[in-house]
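Report on one structure; see the data block that follows.
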Amino acid sequence: MSQAIKEVMDQVTSRNPHEPEFLQAVKEVLESLQPVLEKHPEFIEAGILERIVEPERQIIFRVPWVDDQGKVRVNRGYRVQFNSAIGPYKGGIRFHPSVTLGTIKFLGFEQIFKNSLTGLPIGGGKGGSDFDPRGKSQGEVMRFCQSFMTELYRYIGADIDVPAGDIGVGAREIGYFYGQYKRITTLFEGVLTGKGLTWGGSLARPEATGYGTVYFLEEMLKARGESLQDKSIAISGYGNVGTFFIQKANQCGAKVITIGDENGYVYDPDGIKDEKLDFLMDLWVVHRRPAKDLADKFGLQWVSGKRPWEVACDIAVPTATQNELDLENAKQLLSNGCTCVAEAANMPCTAEAVNLFLEKQILFGPAKAVNAGGVATSALEMTQNSMRYSWTFEEVDTKLKSIMGNIYRNASQAAQDYGLEGNLVAGANIAGFLKVAQAMLAQGVV
Ligand code: GLU
């Protein structure tokens, strides 16, 4: 680590104690930038590193609401507007009891580089709350979302900051947010993405993160002269990303053999397809039921209290949440013959796990690149809203596929340009950083 990078890392560490996820995300990016700074000392002189690790704005607010028993409840809301050098802040909102400011900062920081990699004009931001939507009634969720937006509306706008969904926030919550935003501001504008199709949403947005992950995987495999045909894949989370991932992976001839939630996983050596996939599609999004229902319904094996990384597979795709795949899991995957890992969730592999994969030189796709299809399609939704027009599913899907191909090529080219051939972690960080750093440089000290 160079002196300049070390100084910034020390400052971030002392300024952001108790935020391990944020520090993990920053460290990974800064470590990748060493060769870039050697070539571009102007970034150091202009204080780009010190500035890029400090959010432009962090908003923390009270979210009071009344539950079905008439009791007043209070949660904490966040929106971190991290970087607007290349476009309006853009990033999802996460509702999960584990959410803290540090979680939102790590996600917002990652979003800067991910959004830059898409090649589209979107800055980085993220929001959320420690609200737990599980076990809440429809009315409670609606009142919570309305209360959240009653504060958030003053900081966002179609050209300012455009939130979307993330864990715990799907089409239902986006609908409640949108209704409340419109009611307060009277504006019918593209202030949120992931909207319903009849009120400004984009075709292929629900599918985009899962499909984009498959398109990226195909590019990675192609570079090694392989394809998804007949590959066995282990995945974890069964939400929006996981289910659409399975749909597209099946179309490519692969077999997805695990899926689960925080309680365990389903093992299906025949592959989750046909009526099993149809059942799974509605399991969380419509019924909000646990993953075990899939095993119960079709007589499949349910492995309680474990992660799926213990099964033998060709490819592992963590689709759940941060740090869900650790060093032990990584060792187990490798010893079982896994030769490719693609991060569909945000920062799902621990730093130690990533380092092992890089050291063993298996194919490793980092989250910023692999899962960028979701936010890229959100940017396409913004484009359609600006035009007051909608593209067909095929038009959006074709654009998504070409964006994922470009991300792969740009990340691998950047790795090669800076002497790190084959290291897509460094390549994605470098390619994402360069565009933002150049924009920041051009815009002066702001
Ligand atoms: N939450 C998604 C992500 O992590 C999507 C964000 C968006 O569409 O703005 O990238």
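Chain labels run A, B, ... following the order of the structure tokens; each chain numbers its residues from 1, and ligands are numbered from 1 in the order shown.
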Find the residues around Trp199 of chain A up to 10 Å (only C-alpha atoms counted), leave out those fewer than 2 positions away in its own chain, and share them as a PyMOL selection string. chain A and resi 175+178+188-190+195-197+201-202+385
Export of prior selection with N, CA and C atoms as a PDB file, in the first residue's frame:
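For reference, out-v6.pdb as written:
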```pdb
ATOM      1  N   GLY A 175     -44.184   1.549  -4.893  1.00  0.00           N
ATOM      2  CA  GLY A 175     -45.507   2.115  -5.164  1.00  0.00           C
ATOM      3  C   GLY A 175     -45.947   3.061  -4.054  1.00  0.00           C
ATOM      4  N   TYR A 178     -43.865   6.208  -4.141  1.00  0.00           N
ATOM      5  CA  TYR A 178     -44.195   7.070  -5.282  1.00  0.00           C
ATOM      6  C   TYR A 178     -45.498   7.831  -5.027  1.00  0.00           C
ATOM      7  N   PHE A 188     -45.377  14.314 -11.091  1.00  0.00           N
ATOM      8  CA  PHE A 188     -45.332  12.957 -11.644  1.00  0.00           C
ATOM      9  C   PHE A 188     -44.042  12.874 -12.435  1.00  0.00           C
ATOM     10  N   GLU A 189     -42.988  12.447 -11.788  1.00  0.00           N
ATOM     11  CA  GLU A 189     -41.679  12.458 -12.457  1.00  0.00           C
ATOM     12  C   GLU A 189     -40.897  11.193 -12.111  1.00  0.00           C
ATOM     13  N   GLY A 190     -39.819  10.992 -12.832  1.00  0.00           N
ATOM     14  CA  GLY A 190     -39.029   9.772 -12.644  1.00  0.00           C
ATOM     15  C   GLY A 190     -38.128   9.851 -11.434  1.00  0.00           C
ATOM     16  N   LYS A 195     -40.525   1.140 -10.757  1.00  0.00           N
ATOM     17  CA  LYS A 195     -41.950   1.466 -10.691  1.00  0.00           C
ATOM     18  C   LYS A 195     -42.773   0.413 -11.451  1.00  0.00           C
ATOM     19  N   GLY A 196     -44.088   0.424 -11.207  1.00  0.00           N
ATOM     20  CA  GLY A 196     -44.983  -0.483 -11.930  1.00  0.00           C
ATOM     21  C   GLY A 196     -45.107  -0.041 -13.381  1.00  0.00           C
ATOM     22  N   LEU A 197     -45.475  -1.009 -14.241  1.00  0.00           N
ATOM     23  CA  LEU A 197     -45.468  -0.719 -15.679  1.00  0.00           C
ATOM     24  C   LEU A 197     -46.485   0.322 -16.104  1.00  0.00           C
ATOM     25  N   GLY A 201     -42.810   2.548 -14.996  1.00  0.00           N
ATOM     26  CA  GLY A 201     -41.776   1.519 -14.830  1.00  0.00           C
ATOM     27  C   GLY A 201     -41.250   1.040 -16.169  1.00  0.00           C
ATOM     28  N   SER A 202     -40.132   0.320 -16.117  1.00  0.00           N
ATOM     29  CA  SER A 202     -39.538  -0.196 -17.345  1.00  0.00           C
ATOM     30  C   SER A 202     -39.721  -1.705 -17.423  1.00  0.00           C
ATOM     31  N   ASN A 385     -38.367   7.596 -18.838  1.00  0.00           N
ATOM     32  CA  ASN A 385     -39.207   8.596 -18.166  1.00  0.00           C
ATOM     33  C   ASN A 385     -38.934   9.989 -18.741  1.00  0.00           C
TER      34      ASN A 385
END
```
Using only C-alpha atoms, determine which residues lie at most 8 Å from Gly170 of chain A, disregarding the query and same-chain residues fewer than 5 positions distant; provide the list as a VMD selection string. chain A and resid 165 194 285
Write the residues of the selection above to a file with all heavy atoms, as an mmCIF file, in the first residue's frame.
```cif
data_model
loop_
_atom_site.group_PDB
_atom_site.id
_atom_site.type_symbol
_atom_site.label_atom_id
_atom_site.label_comp_id
_atom_site.auth_asym_id
_atom_site.auth_seq_id
_atom_site.Cartn_x
_atom_site.Cartn_y
_atom_site.Cartn_z
ATOM 1 N N GLY A 165 -35.294 0.053 -5.298
ATOM 2 C CA GLY A 165 -35.408 -1.005 -4.298
ATOM 3 C C GLY A 165 -34.060 -1.619 -3.949
ATOM 4 O O GLY A 165 -33.045 -1.353 -4.585
ATOM 5 N N GLY A 194 -37.891 1.151 -10.656
ATOM 6 C CA GLY A 194 -38.503 -0.078 -10.171
ATOM 7 C C GLY A 194 -40.007 0.152 -10.027
ATOM 8 O O GLY A 194 -40.682 -0.549 -9.266
ATOM 9 N N VAL A 285 -41.898 -12.775 -3.376
ATOM 10 C CA VAL A 285 -42.467 -11.542 -3.924
ATOM 11 C C VAL A 285 -43.970 -11.439 -3.631
ATOM 12 O O VAL A 285 -44.474 -10.387 -3.246
ATOM 13 C CB VAL A 285 -42.185 -11.464 -5.439
ATOM 14 C CG1 VAL A 285 -42.794 -10.207 -6.051
ATOM 15 C CG2 VAL A 285 -40.673 -11.454 -5.682
#
```
Any chance you could tabulate, as JSON lines, the residues of chain A at most 8 Å from ligand 1 with each one's nearest atom pair and distance in Å to one decimal, using only C-alpha atoms and all ligand atoms, in chain and rising number order?
```
{"residue": "A:Lys90", "atom": "CA", "partner": "ligand 1", "partner_atom_place_in_ligand_line": "9 (O)", "distance": 5.2}
{"residue": "A:Gly91", "atom": "CA", "partner": "ligand 1", "partner_atom_place_in_ligand_line": "9 (O)", "distance": 3.6}
{"residue": "A:Gly92", "atom": "CA", "partner": "ligand 1", "partner_atom_place_in_ligand_line": "1 (N)", "distance": 4.0}
{"residue": "A:Ile93", "atom": "CA", "partner": "ligand 1", "partner_atom_place_in_ligand_line": "1 (N)", "distance": 6.7}
{"residue": "A:Arg94", "atom": "CA", "partner": "ligand 1", "partner_atom_place_in_ligand_line": "1 (N)", "distance": 7.6}
{"residue": "A:Leu107", "atom": "CA", "partner": "ligand 1", "partner_atom_place_in_ligand_line": "4 (O)", "distance": 7.3}
{"residue": "A:Gln111", "atom": "CA", "partner": "ligand 1", "partner_atom_place_in_ligand_line": "10 (O)", "distance": 6.5}
{"residue": "A:Lys114", "atom": "CA", "partner": "ligand 1", "partner_atom_place_in_ligand_line": "10 (O)", "distance": 7.5}
{"residue": "A:Asn115", "atom": "CA", "partner": "ligand 1", "partner_atom_place_in_ligand_line": "10 (O)", "distance": 7.9}
{"residue": "A:Val162", "atom": "CA", "partner": "ligand 1", "partner_atom_place_in_ligand_line": "9 (O)", "distance": 7.0}
{"residue": "A:Pro163", "atom": "CA", "partner": "ligand 1", "partner_atom_place_in_ligand_line": "9 (O)", "distance": 5.7}
{"residue": "A:Ala164", "atom": "CA", "partner": "ligand 1", "partner_atom_place_in_ligand_line": "9 (O)", "distance": 4.6}
{"residue": "A:Gly165", "atom": "CA", "partner": "ligand 1", "partner_atom_place_in_ligand_line": "1 (N)", "distance": 5.3}
{"residue": "A:Asp166", "atom": "CA", "partner": "ligand 1", "partner_atom_place_in_ligand_line": "1 (N)", "distance": 4.0}
{"residue": "A:Ile167", "atom": "CA", "partner": "ligand 1", "partner_atom_place_in_ligand_line": "1 (N)", "distance": 7.3}
{"residue": "A:Thr193", "atom": "CA", "partner": "ligand 1", "partner_atom_place_in_ligand_line": "8 (O)", "distance": 6.3}
{"residue": "A:Gly194", "atom": "CA", "partner": "ligand 1", "partner_atom_place_in_ligand_line": "8 (O)", "distance": 6.9}
{"residue": "A:Thr209", "atom": "CA", "partner": "ligand 1", "partner_atom_place_in_ligand_line": "2 (C)", "distance": 7.8}
{"residue": "A:Ala345", "atom": "CA", "partner": "ligand 1", "partner_atom_place_in_ligand_line": "4 (O)", "distance": 7.5}
{"residue": "A:Asn346", "atom": "CA", "partner": "ligand 1", "partner_atom_place_in_ligand_line": "4 (O)", "distance": 6.4}
{"residue": "A:Asn371", "atom": "CA", "partner": "ligand 1", "partner_atom_place_in_ligand_line": "10 (O)", "distance": 6.7}
{"residue": "A:Ala372", "atom": "CA", "partner": "ligand 1", "partner_atom_place_in_ligand_line": "10 (O)", "distance": 5.9}
{"residue": "A:Gly373", "atom": "CA", "partner": "ligand 1", "partner_atom_place_in_ligand_line": "10 (O)", "distance": 7.8}
{"residue": "A:Gly374", "atom": "CA", "partner": "ligand 1", "partner_atom_place_in_ligand_line": "5 (C)", "distance": 5.1}
{"residue": "A:Val375", "atom": "CA", "partner": "ligand 1", "partner_atom_place_in_ligand_line": "8 (O)", "distance": 3.6}
{"residue": "A:Ala376", "atom": "CA", "partner": "ligand 1", "partner_atom_place_in_ligand_line": "8 (O)", "distance": 7.1}
{"residue": "A:Thr377", "atom": "CA", "partner": "ligand 1", "partner_atom_place_in_ligand_line": "8 (O)", "distance": 7.0}
{"residue": "A:Ser378", "atom": "CA", "partner": "ligand 1", "partner_atom_place_in_ligand_line": "8 (O)", "distance": 4.7}
{"residue": "A:Ala379", "atom": "CA", "partner": "ligand 1", "partner_atom_place_in_ligand_line": "8 (O)", "distance": 7.5}
```
Residue with smallest distance to Ala158 of chain A - pool A:Ser386, A:Asn406, A:Ser98, A:Ser32, counting only C-alpha atoms: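 Of the candidates, the smallest distance to Ala158 of chain A is held by A:Ser386.
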Which residue of A:Leu420, A:Ile60, A:Ala330, A:Ile86 approaches Gln443 of chain A most closely, using only C-alpha atoms: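 Smallest separation from Gln443 of chain A among the options: A:Ile86.
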What's the 12 Å shell around Tyr418 of chain A, counting only C-alpha atoms, without same-chain residues fewer than 6 positions away, as an MDAnalysis selection string? chainID A and resid 32:40 411:412 424 426:431
Compile the contact shell of Gly239 of chain A as a list in words: residues with an atom at most 9 Å away, counting only C-alpha atoms, same-chain residues fewer than 6 positions apart removed.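 With the cut-off at 9 Å, the set is Ile167, Asp261, Met281, Leu283, Trp284, Val285, Thr319 and Ala320 of chain A.
Proximity of A:Ala291, A:Val63, A:Leu187, A:Ala208 to Glu151 of chain A, computed with only C-alpha atoms, is greatest for A:Val63.
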Using only C-alpha atoms, tabulate the residues of segment 127-212 of chain A lying at most 7 Å from any atom of segment 242-259 of chain A, each with its closest atom pair and that distance in Å to one decimal, by chain and increasing residue number, as CSV.
```
residue,atom,partner,partner_atom,distance
A:Glu207,CA,A:Phe244,CA,5.5
A:Gly210,CA,A:Phe245,CA,3.9
A:Tyr211,CA,A:Phe245,CA,5.5
```
Please save C-alpha atoms of the selected residues as a PDB file, in the first residue's frame.
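Here's the written file again-v6.pdb:
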```
ATOM      1  CA  GLU A 207     -35.445  -9.323 -14.294  1.00  0.00           C
ATOM      2  CA  GLY A 210     -30.578 -11.696 -12.282  1.00  0.00           C
ATOM      3  CA  TYR A 211     -30.396 -11.643 -16.082  1.00  0.00           C
TER       4      TYR A 211
END
```
Would you mind listing what lies within 10 Å of Leu363 of chain A as a PDB file with C-alpha atoms, in the first residue's frame, with only C-alpha atoms counted and same-chain residues fewer than 4 positions away left out?
```
ATOM      1  CA  LEU A 217     -21.107 -14.947 -16.281  1.00  0.00           C
ATOM      2  CA  MET A 220     -16.419 -14.527 -18.075  1.00  0.00           C
ATOM      3  CA  LEU A 221     -16.791 -18.118 -19.206  1.00  0.00           C
ATOM      4  CA  ALA A 223     -13.007 -15.738 -22.159  1.00  0.00           C
ATOM      5  CA  ARG A 224     -12.010 -19.209 -20.940  1.00  0.00           C
ATOM      6  CA  ILE A 315     -20.089 -22.103 -10.204  1.00  0.00           C
ATOM      7  CA  CYS A 338     -15.762 -24.876  -8.028  1.00  0.00           C
ATOM      8  CA  THR A 339     -13.893 -22.831 -10.664  1.00  0.00           C
ATOM      9  CA  CYS A 340     -15.990 -19.690 -10.933  1.00  0.00           C
ATOM     10  CA  VAL A 341     -17.629 -17.307  -8.446  1.00  0.00           C
ATOM     11  CA  ALA A 342     -19.803 -14.335  -9.408  1.00  0.00           C
ATOM     12  CA  PHE A 357     -10.161 -16.821  -5.132  1.00  0.00           C
ATOM     13  CA  LEU A 358      -7.758 -14.341  -6.739  1.00  0.00           C
ATOM     14  CA  GLY A 422      -7.363 -11.414 -15.163  1.00  0.00           C
ATOM     15  CA  ASN A 423      -8.062  -9.593 -11.883  1.00  0.00           C
ATOM     16  CA  LEU A 424     -11.597  -8.296 -12.383  1.00  0.00           C
TER      17      LEU A 424
END
```
In segment 71-192 of chain A, what's strand (DSSP E) per DSSP? Answer as a PyMOL selection string? chain A and resi 72-83+89-95+123-129+161-165
Please, could you write that set of residues out with C-alpha atoms as a PDB file, in the first residue's frame?
```pdb
ATOM      1  CA  VAL A  72     -46.490   4.344  18.031  1.00  0.00           C
ATOM      2  CA  ARG A  73     -43.289   2.875  16.584  1.00  0.00           C
ATOM      3  CA  VAL A  74     -40.096   4.656  15.585  1.00  0.00           C
ATOM      4  CA  ASN A  75     -37.437   3.548  13.120  1.00  0.00           C
ATOM      5  CA  ARG A  76     -34.408   5.310  11.752  1.00  0.00           C
ATOM      6  CA  GLY A  77     -34.191   6.350   8.098  1.00  0.00           C
ATOM      7  CA  TYR A  78     -31.045   7.057   6.080  1.00  0.00           C
ATOM      8  CA  ARG A  79     -30.085   8.462   2.712  1.00  0.00           C
ATOM      9  CA  VAL A  80     -26.409   8.775   1.922  1.00  0.00           C
ATOM     10  CA  GLN A  81     -25.765  10.951  -1.152  1.00  0.00           C
ATOM     11  CA  PHE A  82     -22.249   9.814  -1.820  1.00  0.00           C
ATOM     12  CA  ASN A  83     -21.070  11.174  -5.135  1.00  0.00           C
ATOM     13  CA  TYR A  89     -27.322  10.186  -6.931  1.00  0.00           C
ATOM     14  CA  LYS A  90     -28.695   6.742  -7.736  1.00  0.00           C
ATOM     15  CA  GLY A  91     -29.102   3.657  -5.597  1.00  0.00           C
ATOM     16  CA  GLY A  92     -31.617   1.554  -3.757  1.00  0.00           C
ATOM     17  CA  ILE A  93     -33.278   1.661  -0.366  1.00  0.00           C
ATOM     18  CA  ARG A  94     -32.773  -1.289   1.978  1.00  0.00           C
ATOM     19  CA  PHE A  95     -35.219  -2.236   4.733  1.00  0.00           C
ATOM     20  CA  GLY A 123     -23.895   9.124  -9.387  1.00  0.00           C
ATOM     21  CA  GLY A 124     -23.776   7.012  -6.240  1.00  0.00           C
ATOM     22  CA  GLY A 125     -26.201   6.953  -3.305  1.00  0.00           C
ATOM     23  CA  LYS A 126     -28.050   4.550  -1.047  1.00  0.00           C
ATOM     24  CA  GLY A 127     -30.759   4.658   1.586  1.00  0.00           C
ATOM     25  CA  GLY A 128     -32.557   2.487   4.036  1.00  0.00           C
ATOM     26  CA  SER A 129     -33.976   1.822   7.432  1.00  0.00           C
ATOM     27  CA  ASP A 161     -31.405  11.712  -6.369  1.00  0.00           C
ATOM     28  CA  VAL A 162     -33.360   8.725  -7.676  1.00  0.00           C
ATOM     29  CA  PRO A 163     -33.864   5.878  -5.158  1.00  0.00           C
ATOM     30  CA  ALA A 164     -34.971   2.337  -6.046  1.00  0.00           C
ATOM     31  CA  GLY A 165     -35.408  -1.005  -4.298  1.00  0.00           C
TER      32      GLY A 165
END
```
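Closest approach to Thr186 of chain A among A:Asp296, A:Tyr238, A:Leu101, A:Tyr153: A:Tyr153, based on only C-alpha atoms.
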So which one's closest to Gly212 of chain A, A:Val241, A:Lys360, A:Ile235, A:Val66? Using only C-alpha atoms, please.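 Smallest separation from Gly212 of chain A among the options: A:Val241.
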